[in-house]
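A.B. asks: Below is the file coords02.txt, with compact mmCIF, C-alpha atoms.
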```
# COMPACT_ATOMS: atom_id res chain seq x y z
CA MET A 1 28.46 130.14 69.57
CA LYS A 2 30.62 130.40 66.49
CA ILE A 3 30.95 127.52 64.06
CA ARG A 4 33.29 127.50 61.09
CA ILE A 5 32.14 125.70 57.95
CA ARG A 6 34.51 124.39 55.32
CA TYR A 7 33.13 123.69 51.86
CA THR A 8 34.76 121.39 49.34
CA THR A 9 34.60 120.43 45.69
CA GLN A 10 31.29 121.02 44.00
CA LEU A 11 29.68 122.83 46.91
CA ARG A 12 32.68 125.10 47.15
CA MET A 13 32.46 125.86 43.45
CA ALA A 14 28.71 126.45 43.63
CA LEU A 15 29.06 128.87 46.52
CA GLY A 16 32.31 130.48 45.44
CA ILE A 17 33.71 130.36 48.95
CA ASP A 18 35.92 127.94 50.85
CA THR A 19 34.83 128.73 54.37
CA GLU A 20 32.49 130.84 56.39
CA GLU A 21 31.64 131.38 60.01
CA VAL A 22 28.14 131.39 61.46
CA ASP A 23 26.60 132.23 64.78
CA LEU A 24 24.36 129.61 66.33
CA PRO A 25 22.53 129.43 69.62
CA GLU A 26 24.12 127.28 72.29
CA ALA A 27 23.16 123.60 72.14
CA SER A 28 22.55 123.75 68.38
CA THR A 29 22.93 120.58 66.38
CA LEU A 30 24.31 119.77 62.96
CA LEU A 31 20.78 119.84 61.63
CA ASP A 32 20.30 123.35 62.99
CA LEU A 33 23.48 124.40 61.28
CA LEU A 34 22.54 122.88 57.94
CA ARG A 35 19.09 124.42 58.06
CA GLN A 36 20.59 127.82 58.67
CA LEU A 37 23.06 127.34 55.83
CA ARG A 38 20.27 126.21 53.54
CA GLN A 39 18.41 129.38 54.39
CA GLN A 40 21.46 131.43 53.42
CA HIS A 41 22.31 129.41 50.30
CA PRO A 42 19.10 127.63 49.32
CA ASP A 43 19.99 126.24 45.90
CA ALA A 44 23.50 125.02 46.62
CA LEU A 45 22.80 123.58 50.04
CA SER A 46 19.65 121.84 48.91
CA GLN A 47 21.45 120.25 46.00
CA TYR A 48 24.67 119.31 47.72
CA ALA A 49 23.91 118.95 51.41
CA LEU A 50 20.46 119.01 52.97
CA ASN A 51 17.33 118.39 50.94
CA ALA A 52 13.90 119.88 51.52
CA GLN A 53 12.95 116.97 53.77
CA ASP A 54 15.91 117.72 56.06
CA ALA A 55 17.72 114.58 54.94
CA LEU A 56 21.40 114.54 54.13
CA GLN A 57 22.11 114.13 50.45
CA PRO A 58 23.55 110.61 49.97
CA SER A 59 26.67 111.86 48.22
CA VAL A 60 27.90 113.96 51.12
CA LEU A 61 30.17 113.31 54.08
CA LEU A 62 29.77 115.48 57.15
CA CYS A 63 32.77 115.89 59.42
CA VAL A 64 33.11 117.67 62.72
CA GLY A 65 36.77 118.40 63.14
CA ASP A 66 38.42 115.43 61.46
CA GLN A 67 35.70 112.94 62.39
CA HIS A 68 33.12 111.70 59.94
CA VAL A 69 29.79 111.78 61.76
CA GLY A 70 27.72 109.69 59.36
CA ASP A 71 24.10 110.83 59.26
CA ASP A 72 23.99 111.83 62.91
CA LEU A 73 22.43 115.22 62.28
CA LEU A 74 21.33 115.55 65.89
CA LYS A 75 24.93 115.66 67.02
CA PRO A 76 25.36 118.75 69.19
CA LEU A 77 27.92 121.33 68.21
CA HIS A 78 30.26 123.27 70.43
CA ASP A 79 31.68 126.75 70.20
CA GLY A 80 34.69 126.95 67.93
CA GLU A 81 34.18 123.66 66.11
CA GLU A 82 34.73 123.29 62.40
CA VAL A 83 32.27 121.43 60.22
CA THR A 84 33.29 120.19 56.79
CA ILE A 85 30.74 119.41 54.12
CA LEU A 86 32.56 117.07 51.76
CA SER A 87 30.83 116.12 48.54
CA VAL A 88 31.93 113.04 46.67
CA ILE A 89 34.20 113.47 43.67
CA SER A 90 35.12 111.19 40.86
CA GLY A 91 37.72 111.62 38.23
CA GLY A 92 41.21 110.99 37.08
CA MET B 1 64.58 91.80 57.82
CA PRO B 2 63.82 88.06 58.13
CA GLU B 3 60.44 86.91 56.94
CA ASP B 4 59.27 85.85 60.39
CA GLN B 5 60.07 89.28 61.82
CA GLN B 6 58.02 91.21 59.30
CA PRO B 7 55.62 93.52 61.14
CA GLU B 8 51.93 92.86 61.01
CA LEU B 9 49.73 95.32 59.16
CA VAL B 10 49.00 97.77 61.91
CA GLU B 11 46.03 99.72 60.59
CA SER B 12 43.46 96.96 60.74
CA GLU B 13 42.97 93.34 61.59
CA TRP B 14 42.17 92.50 58.00
CA THR B 15 43.78 89.25 57.10
CA GLY B 16 43.68 88.98 53.37
CA SER B 17 45.51 86.61 51.16
CA GLU B 18 49.14 86.02 51.85
CA TRP B 19 51.50 86.97 49.10
CA THR B 20 54.45 84.66 49.51
CA GLY B 21 56.44 86.42 46.86
CA SER B 22 58.96 85.18 44.39
CA GLU B 23 62.75 84.96 44.40
CA LEU B 24 64.56 87.96 42.96
CA THR B 25 66.96 87.80 40.08
CA GLY B 26 70.27 89.62 40.08
CA GLN B 27 68.84 92.23 37.72
CA GLU B 28 65.92 92.81 40.04
CA ARG B 29 68.15 93.19 43.06
CA ALA B 30 70.15 95.81 41.20
CA THR B 31 67.00 97.62 40.07
CA TYR B 32 65.26 97.71 43.43
CA GLN B 33 68.24 98.02 45.71
CA TRP B 34 67.47 101.52 46.93
CA GLN B 35 63.86 100.76 47.83
CA MET B 36 64.84 97.56 49.59
CA TRP B 37 66.75 99.76 51.99
CA VAL B 38 63.42 101.13 53.25
CA PRO B 39 62.95 99.88 56.83
CA ASP B 40 60.28 97.22 57.21
CA PHE B 41 60.15 96.68 53.44
CA GLY B 42 63.38 94.97 52.48
CA GLU B 43 63.74 91.93 50.27
CA ALA B 44 60.64 90.27 51.68
CA GLY B 45 58.53 93.20 50.63
CA GLN B 46 60.12 93.26 47.21
CA ARG B 47 59.38 89.60 46.72
CA ARG B 48 55.78 90.17 47.69
CA LEU B 49 55.48 92.89 45.05
CA LYS B 50 56.91 90.54 42.46
CA GLY B 51 54.38 87.89 43.36
CA ALA B 52 51.34 90.19 43.30
CA SER B 53 48.79 91.21 40.65
CA VAL B 54 47.11 94.60 40.68
CA LEU B 55 44.08 95.73 38.70
CA VAL B 56 44.27 99.39 37.72
CA THR B 57 41.13 100.86 36.19
CA ARG B 58 41.23 103.14 34.35
CA CYS B 59 44.79 104.13 33.35
CA GLY B 60 44.36 107.80 32.50
CA GLY B 61 45.68 110.79 34.41
CA LEU B 62 45.39 109.11 37.75
CA GLY B 63 45.54 105.41 36.93
CA GLY B 64 48.38 105.88 34.49
CA VAL B 65 50.61 107.22 37.21
CA VAL B 66 49.49 104.44 39.56
CA ALA B 67 50.46 101.87 36.97
CA TYR B 68 53.77 103.58 36.22
CA GLU B 69 54.80 103.76 39.86
CA LEU B 70 53.84 100.14 40.44
CA ALA B 71 55.82 99.14 37.39
CA ALA B 72 58.76 101.12 38.71
CA ALA B 73 58.45 99.46 42.11
CA GLY B 74 58.57 95.97 40.66
CA ILE B 75 55.00 94.74 40.77
CA GLY B 76 54.73 91.31 39.18
CA LYS B 77 51.59 91.79 37.12
CA LEU B 78 49.29 94.62 36.15
CA ILE B 79 45.81 94.20 34.80
CA LEU B 80 44.85 97.38 32.98
CA ALA B 81 41.28 98.14 31.99
CA HIS B 82 40.62 101.18 29.84
CA GLY B 83 38.62 101.54 26.65
CA GLY B 84 38.84 104.10 23.90
CA GLN B 85 41.55 105.83 21.91
CA VAL B 86 44.07 108.50 22.80
CA LYS B 87 42.77 112.04 22.34
CA TYR B 88 44.44 115.43 22.44
CA SER B 89 42.70 116.28 25.70
CA ASP B 90 44.33 113.24 27.33
CA LEU B 91 47.83 114.59 26.89
CA ASN B 92 47.81 117.23 29.63
CA ARG B 93 47.77 114.50 32.29
CA GLN B 94 47.70 110.93 30.95
CA LEU B 95 51.39 110.18 31.11
CA LEU B 96 51.13 106.73 29.56
CA MET B 97 49.62 108.22 26.41
CA THR B 98 51.81 109.77 23.77
CA TYR B 99 51.45 112.17 20.89
CA ASP B 100 52.41 109.39 18.48
CA ALA B 101 49.57 107.24 19.83
CA LEU B 102 46.79 109.74 19.06
CA GLY B 103 43.80 107.83 17.71
CA GLN B 104 45.18 104.48 18.88
CA SER B 105 44.15 102.23 21.74
CA ARG B 106 44.75 103.82 25.13
CA VAL B 107 45.48 100.58 26.87
CA GLU B 108 47.99 99.52 24.24
CA SER B 109 49.78 102.83 24.58
CA ALA B 110 49.87 102.21 28.33
CA ARG B 111 51.26 98.72 27.84
CA ARG B 112 54.01 99.98 25.56
CA ARG B 113 55.07 102.76 27.90
CA LEU B 114 55.13 100.52 30.95
CA LEU B 115 57.23 97.86 29.27
CA GLU B 116 59.75 100.52 28.24
CA LEU B 117 60.32 101.10 31.93
CA ASN B 118 60.01 97.53 33.16
CA PRO B 119 60.27 94.79 30.54
CA ARG B 120 59.86 92.11 33.22
CA LEU B 121 56.34 93.29 34.00
CA GLU B 122 53.49 90.99 33.04
CA ILE B 123 50.60 93.01 31.65
CA GLU B 124 47.08 91.95 30.86
CA ALA B 125 45.59 94.83 28.88
CA VAL B 126 41.82 94.96 28.52
CA ALA B 127 40.55 97.52 26.02
CA GLU B 128 37.34 98.03 27.96
CA ASN B 129 36.21 100.10 30.88
CA VAL B 130 34.86 98.19 33.83
CA ASN B 131 31.29 97.13 33.25
CA GLU B 132 28.74 94.67 34.58
CA GLN B 133 29.93 91.96 32.22
CA ASN B 134 33.65 92.09 33.02
CA VAL B 135 34.01 93.36 36.59
CA ARG B 136 33.75 90.04 38.38
CA ALA B 137 36.40 88.36 36.26
CA LEU B 138 38.73 91.36 36.42
CA VAL B 139 38.60 91.59 40.19
CA ALA B 140 38.98 87.82 40.51
CA ILE B 141 42.43 87.78 38.90
CA ALA B 142 43.79 90.64 41.01
CA ASP B 143 45.24 90.62 44.49
CA VAL B 144 44.58 94.34 44.91
CA VAL B 145 42.31 96.69 42.99
CA ILE B 146 43.05 100.36 42.42
CA ASP B 147 39.98 102.31 41.41
CA CYS B 148 40.87 105.29 39.25
CA ALA B 149 37.58 105.38 37.39
CA PRO B 150 35.90 108.69 36.62
CA LEU B 151 32.35 107.41 36.58
CA PHE B 152 30.36 106.55 39.67
CA GLU B 153 28.82 103.48 38.09
CA GLU B 154 32.24 101.93 37.50
CA ARG B 155 33.25 102.63 41.07
CA ARG B 156 30.03 101.15 42.36
CA LEU B 157 30.64 97.95 40.41
CA LEU B 158 34.22 97.72 41.62
CA ASN B 159 33.17 98.30 45.20
CA ARG B 160 30.51 95.64 44.98
CA GLU B 161 32.95 93.10 43.64
CA VAL B 162 35.83 93.79 46.00
CA VAL B 163 33.45 93.44 48.92
CA ALA B 164 31.98 90.22 47.53
CA GLN B 165 35.42 88.79 46.79
CA ARG B 166 37.07 90.23 49.92
CA LYS B 167 39.78 92.02 47.98
CA PRO B 168 41.45 95.23 49.14
CA MET B 169 40.81 98.31 47.03
CA VAL B 170 42.47 101.69 46.93
CA ASP B 171 39.93 104.29 45.85
CA CYS B 172 41.32 107.44 44.23
CA ALA B 173 39.45 110.45 42.95
CA MET B 174 40.14 114.01 42.00
CA TYR B 175 38.28 117.15 40.98
CA GLU B 176 39.96 120.37 39.93
CA LEU B 177 42.68 120.89 42.55
CA GLU B 178 41.14 118.60 45.14
CA ALA B 179 41.58 114.89 45.64
CA HIS B 180 40.30 112.11 47.87
CA LEU B 181 41.95 108.81 48.69
CA THR B 182 40.96 105.90 50.88
CA THR B 183 41.70 102.20 51.21
CA ILE B 184 38.90 99.70 51.47
CA LEU B 185 39.54 96.49 53.38
CA PRO B 186 36.21 94.63 53.29
CA GLY B 187 34.95 94.00 56.79
CA ALA B 188 37.55 96.21 58.40
CA SER B 189 36.89 99.62 56.89
CA PRO B 190 34.02 101.51 55.28
CA CYS B 191 33.33 100.48 51.72
CA LEU B 192 32.30 103.03 49.13
CA ASN B 193 28.66 102.26 49.70
CA CYS B 194 29.07 103.09 53.40
CA LEU B 195 30.22 106.55 52.36
CA TYR B 196 28.28 107.26 49.19
CA PRO B 197 25.27 104.98 48.75
CA GLU B 198 24.10 106.99 45.77
CA PRO B 199 25.81 109.17 43.19
CA PRO B 200 25.46 112.95 43.48
CA MET B 201 22.42 114.59 41.99
CA ALA B 202 24.48 116.61 39.57
CA TRP B 203 27.86 115.53 38.24
CA ARG B 204 29.67 116.72 35.18
CA ARG B 205 31.96 114.14 33.59
CA GLU B 206 34.43 116.74 32.31
CA PHE B 207 36.04 118.97 34.88
CA PRO B 208 39.04 121.23 35.34
CA VAL B 209 42.21 119.18 35.85
CA PHE B 210 45.97 119.55 35.99
CA GLY B 211 48.20 116.56 35.45
CA ALA B 212 50.17 117.47 38.56
CA VAL B 213 47.09 116.88 40.69
CA SER B 214 46.09 113.56 39.17
CA GLY B 215 49.74 112.52 39.23
CA MET B 216 50.04 113.26 42.92
CA VAL B 217 47.00 111.16 43.72
CA GLY B 218 48.27 108.41 41.49
CA CYS B 219 51.53 108.28 43.42
CA LEU B 220 49.65 108.14 46.70
CA GLY B 221 47.43 105.35 45.39
CA ALA B 222 50.43 103.36 44.22
CA MET B 223 52.08 103.72 47.61
CA GLU B 224 48.94 102.49 49.33
CA ALA B 225 48.97 99.37 47.18
CA ILE B 226 52.66 98.81 47.85
CA LYS B 227 52.05 98.99 51.59
CA ILE B 228 49.10 96.61 51.40
CA ILE B 229 51.01 94.03 49.39
CA SER B 230 54.29 94.35 51.25
CA ARG B 231 52.65 94.59 54.66
CA PHE B 232 54.37 97.61 56.07
CA GLY B 233 53.42 101.11 57.09
CA ASP B 234 49.95 102.42 57.86
CA THR B 235 47.31 102.47 55.15
CA LEU B 236 44.30 104.72 54.76
CA ALA B 237 41.88 102.01 55.83
CA GLY B 238 39.23 103.75 57.91
CA LYS B 239 40.52 107.16 56.78
CA LEU B 240 39.91 109.54 53.94
CA LEU B 241 42.78 111.69 52.78
CA ALA B 242 41.38 114.97 51.46
CA CYS B 243 43.87 117.09 49.55
CA ASN B 244 43.49 120.62 48.30
CA LEU B 245 46.38 121.74 46.16
CA ARG B 246 44.94 125.21 45.82
CA ASP B 247 45.97 126.01 49.39
CA MET B 248 48.15 122.93 50.05
CA THR B 249 46.00 121.54 52.83
CA PHE B 250 46.03 117.82 53.48
CA ARG B 251 43.57 116.41 55.96
CA THR B 252 43.13 112.86 57.18
CA LEU B 253 39.53 112.30 58.17
CA ALA B 254 38.42 109.36 60.28
CA ILE B 255 35.56 107.69 58.41
CA ARG B 256 33.11 105.17 59.74
CA ARG B 257 31.36 102.11 58.42
CA ASP B 258 27.63 102.23 57.92
CA PRO B 259 26.21 99.60 60.30
CA HIS B 260 23.34 99.12 57.85
CA CYS B 261 25.37 98.94 54.66
CA PRO B 262 23.73 96.26 52.50
CA LEU B 263 27.09 95.28 51.03
CA CYS B 264 29.53 95.04 53.90
CA SER B 265 27.82 95.39 57.27
CA SER B 266 27.66 91.62 57.76
CA ILE B 267 31.34 91.12 57.04
CA ARG B 268 33.86 90.90 59.84
CA PRO B 269 37.64 90.94 59.50
```
Rewrite the coordinates I just gave you, this time as structure tokens.
C.D. replies:
Amino acid sequence: MKIRIRYTTQLRMALGIDTEEVDLPEASTLLDLLRQLRQQHPDALSQYALNAQDALQPSVLLCVGDQHVGDDLLKPLHDGEEVTILSVISGG
Amino acid sequence: MPEDQQPELVESEWTGSEWTGSELTGQERATYQWQMWVPDFGEAGQRRLKGASVLVTRCGGLGGVVAYELAAAGIGKLILAHGGQVKYSDLNRQLLMTYDALGQSRVESARRRLLELNPRLEIEAVAENVNEQNVRALVAIADVVIDCAPLFEERRLLNREVVAQRKPMVDCAMYELEAHLTTILPGASPCLNCLYPEPPMAWRREFPVFGAVSGMVGCLGAMEAIKIISRFGDTLAGKLLACNLRDMTFRTLAIRRDPHCPLCSSIRP
């Protein structure tokens, strides 16, 4: 199944891309997705999303569609969904 | 619209303090006439603004515009907290700072500029950033807090105090051409700790910024405060507005409380 990922703020700047699409096996979860992304972009994803212990970095919000999913990394994904990795920002 | 027909705040069941408002003078009616035509706002809403106090911290690129728009709208009192002196690098976005005020107190420059627009405005200017020693007292004298602070520690302190004191807070932030905005109603919406229990591993204090971006967020933050105080419209309680001015996308994300949040999980509306 195809999942679209949207990157924001610092993660977007670290990767140099706004979005990408990945192929995942059916019945994959958010954790499966993040692990795959971490494999593709080890430094940026480890720092801004999923650490080496497979825990979500505390300064990140994960959204599926427009819904914040908290730390429910075992949430199953469905073909065509969009996942946003939103890192906290601060400034004015 | 008569007072007893004012709509309830629809976005949450938060029942904060009631702002009874103050009578308007003839000058005020003339000044705010056009905004009193806004449905569901009217004279009752205007009186509530006049009777309310708002803490804005800090008052730079983002907070300065918040303060200016609240002053323009007829807020009764602003409490401004911002330390330091005006620098050249402030002047691309901090609209309450002026070239003539370079090297002088930021918060005094803000006071002067705001009173030029609205001489009726009561201002309490504190030449300090929010810190552990002053945050409790600053939040205590405000009806609403608007967090425009650039440092996570300041935001953490503000969040802690608004939750403890059950005050609404509008949280505004920007980075490059992106911005986030949410409204915290303790017990009814996520607090900042629900969303970000710890600061990011790597964060650079200085970042790319256009005044147009911080100004936009400032206007949005001011409007959130106006809606909270005047009790009309739908706020961003329980939502995060994520803006990207690079591609002009604006998304409203539904955010959730952390059921284990040590600050707010035990609080109910």
A.B. asks: Would you mind listing, as an NGL selection string, all residues of chain A that have at least one atom within 9 Å of chain B, where only C-alpha atoms are what counts?
C.D. replies: :A and (8-10 or 47-48 or 57-61 or 63 or 65-70 or 87-92)
A.B. asks: Please return, as a list of chain:residue names, all polymer residues that have at least one atom within 12 Å of the point (64.2, 87.2, 41.3); use all atoms listed in the file and the file's own coordinate frame.
C.D. replies: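 Output of the proximity query reads B:Gly21, B:Ser22, B:Glu23, B:Leu24, B:Thr25, B:Gly26, B:Gln27, B:Glu28, B:Arg29, B:Ala30, B:Thr31, B:Tyr32, B:Glu43, B:Ala44, B:Gln46, B:Arg47, B:Arg48, B:Leu49, B:Lys50, B:Gly51, B:Gly74, B:Ile75, B:Gly76, B:Arg120.
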A.B. asks: Around the point (11.3, 120.3, 53.8) in the file's coordinates, collect all residues with an atom within 12 Å, using all atoms listed in the file, and return them as a list in words.
C.D. replies: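 The distance filter leaves exactly Arg35, Arg38, Gln39, Pro42, Ser46, Leu50, Asn51, Ala52, Gln53, Asp54, Ala55 and Leu56 of chain A.
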A.B. asks: Would you kindly return, as a ChimeraX atom specification, each protein, DNA or RNA residue with an atom no farther than 12 Å from any atom of Ile17 in chain A, considering all atoms listed in the file and excluding same-chain residues fewer than 5 positions away?
C.D. replies: /A:5-12,41,44
A.B. asks: Give me, as a list in words, all polymer residues having an atom no more than 9 Å from Ser53 in chain B, counting all atoms listed in the file and skipping those fewer than 6 positions away in the same chain.
C.D. replies: Ile75, Gly76, Lys77, Leu78, Ile79, Glu122, Ile141, Ala142, Asp143, Val144 and Val145 of chain B
A.B. asks: Could the residues in this selection be written to a file with C-alpha atoms, as a PDB file, in the frame of the given file?
C.D. replies:
```pdb
ATOM      1  CA  ILE B  75      55.000  94.740  40.770  1.00  0.00           C
ATOM      2  CA  GLY B  76      54.730  91.310  39.180  1.00  0.00           C
ATOM      3  CA  LYS B  77      51.590  91.790  37.120  1.00  0.00           C
ATOM      4  CA  LEU B  78      49.290  94.620  36.150  1.00  0.00           C
ATOM      5  CA  ILE B  79      45.810  94.200  34.800  1.00  0.00           C
ATOM      6  CA  GLU B 122      53.490  90.990  33.040  1.00  0.00           C
ATOM      7  CA  ILE B 141      42.430  87.780  38.900  1.00  0.00           C
ATOM      8  CA  ALA B 142      43.790  90.640  41.010  1.00  0.00           C
ATOM      9  CA  ASP B 143      45.240  90.620  44.490  1.00  0.00           C
ATOM     10  CA  VAL B 144      44.580  94.340  44.910  1.00  0.00           C
ATOM     11  CA  VAL B 145      42.310  96.690  42.990  1.00  0.00           C
TER      12      VAL B 145
END
```
A.B. asks: Excluding Leu157 in chain B and its own-chain neighbours fewer than 4 positions away, which residues fall within 8 Å of it when counting all atoms listed in the file? Please give them as a tab-separated table (two decimals) with C-alpha atoms, in the coordinates of the input.
C.D. replies:
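Final file, selection_24.tsv:
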```tsv
chain	number	residue	atom	x	y	z
B	130	VAL	CA	34.86	98.19	33.83
B	131	ASN	CA	31.29	97.13	33.25
B	132	GLU	CA	28.74	94.67	34.58
B	135	VAL	CA	34.01	93.36	36.59
B	153	GLU	CA	28.82	103.48	38.09
B	161	GLU	CA	32.95	93.10	43.64
```
A.B. asks: Go through B:Cys264, B:Ala52, B:Ala71, B:Met248 one by one, measure the shortest atom-to-atom distance of each to Pro119 in chain B using all atoms listed in the file, and give the residue with the smallest value.
C.D. replies: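 Ranked by minimum distance to Pro119 in chain B, first place goes to B:Ala71.
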A.B. asks: Could you jot down the CA of Ser28 in chain A to CA of Pro76 in chain A separation for me, Å, one decimal place?
C.D. replies: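 Taking CA of Ser28 in chain A and CA of Pro76 in chain A, their separation equals 5.8 Å.
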A.B. asks: Please compute the CA of Glu81 in chain A-CA of Pro25 in chain A distance, one decimal, in Å.
C.D. replies: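 Result for CA of Glu81 in chain A versus CA of Pro25 in chain A: 13.5 Å, one decimal.
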A.B. asks: Tell me, in Å to one decimal, how far CA of Gln85 in chain B is from CA of Ala212 in chain B.
C.D. replies: 22.1 Å
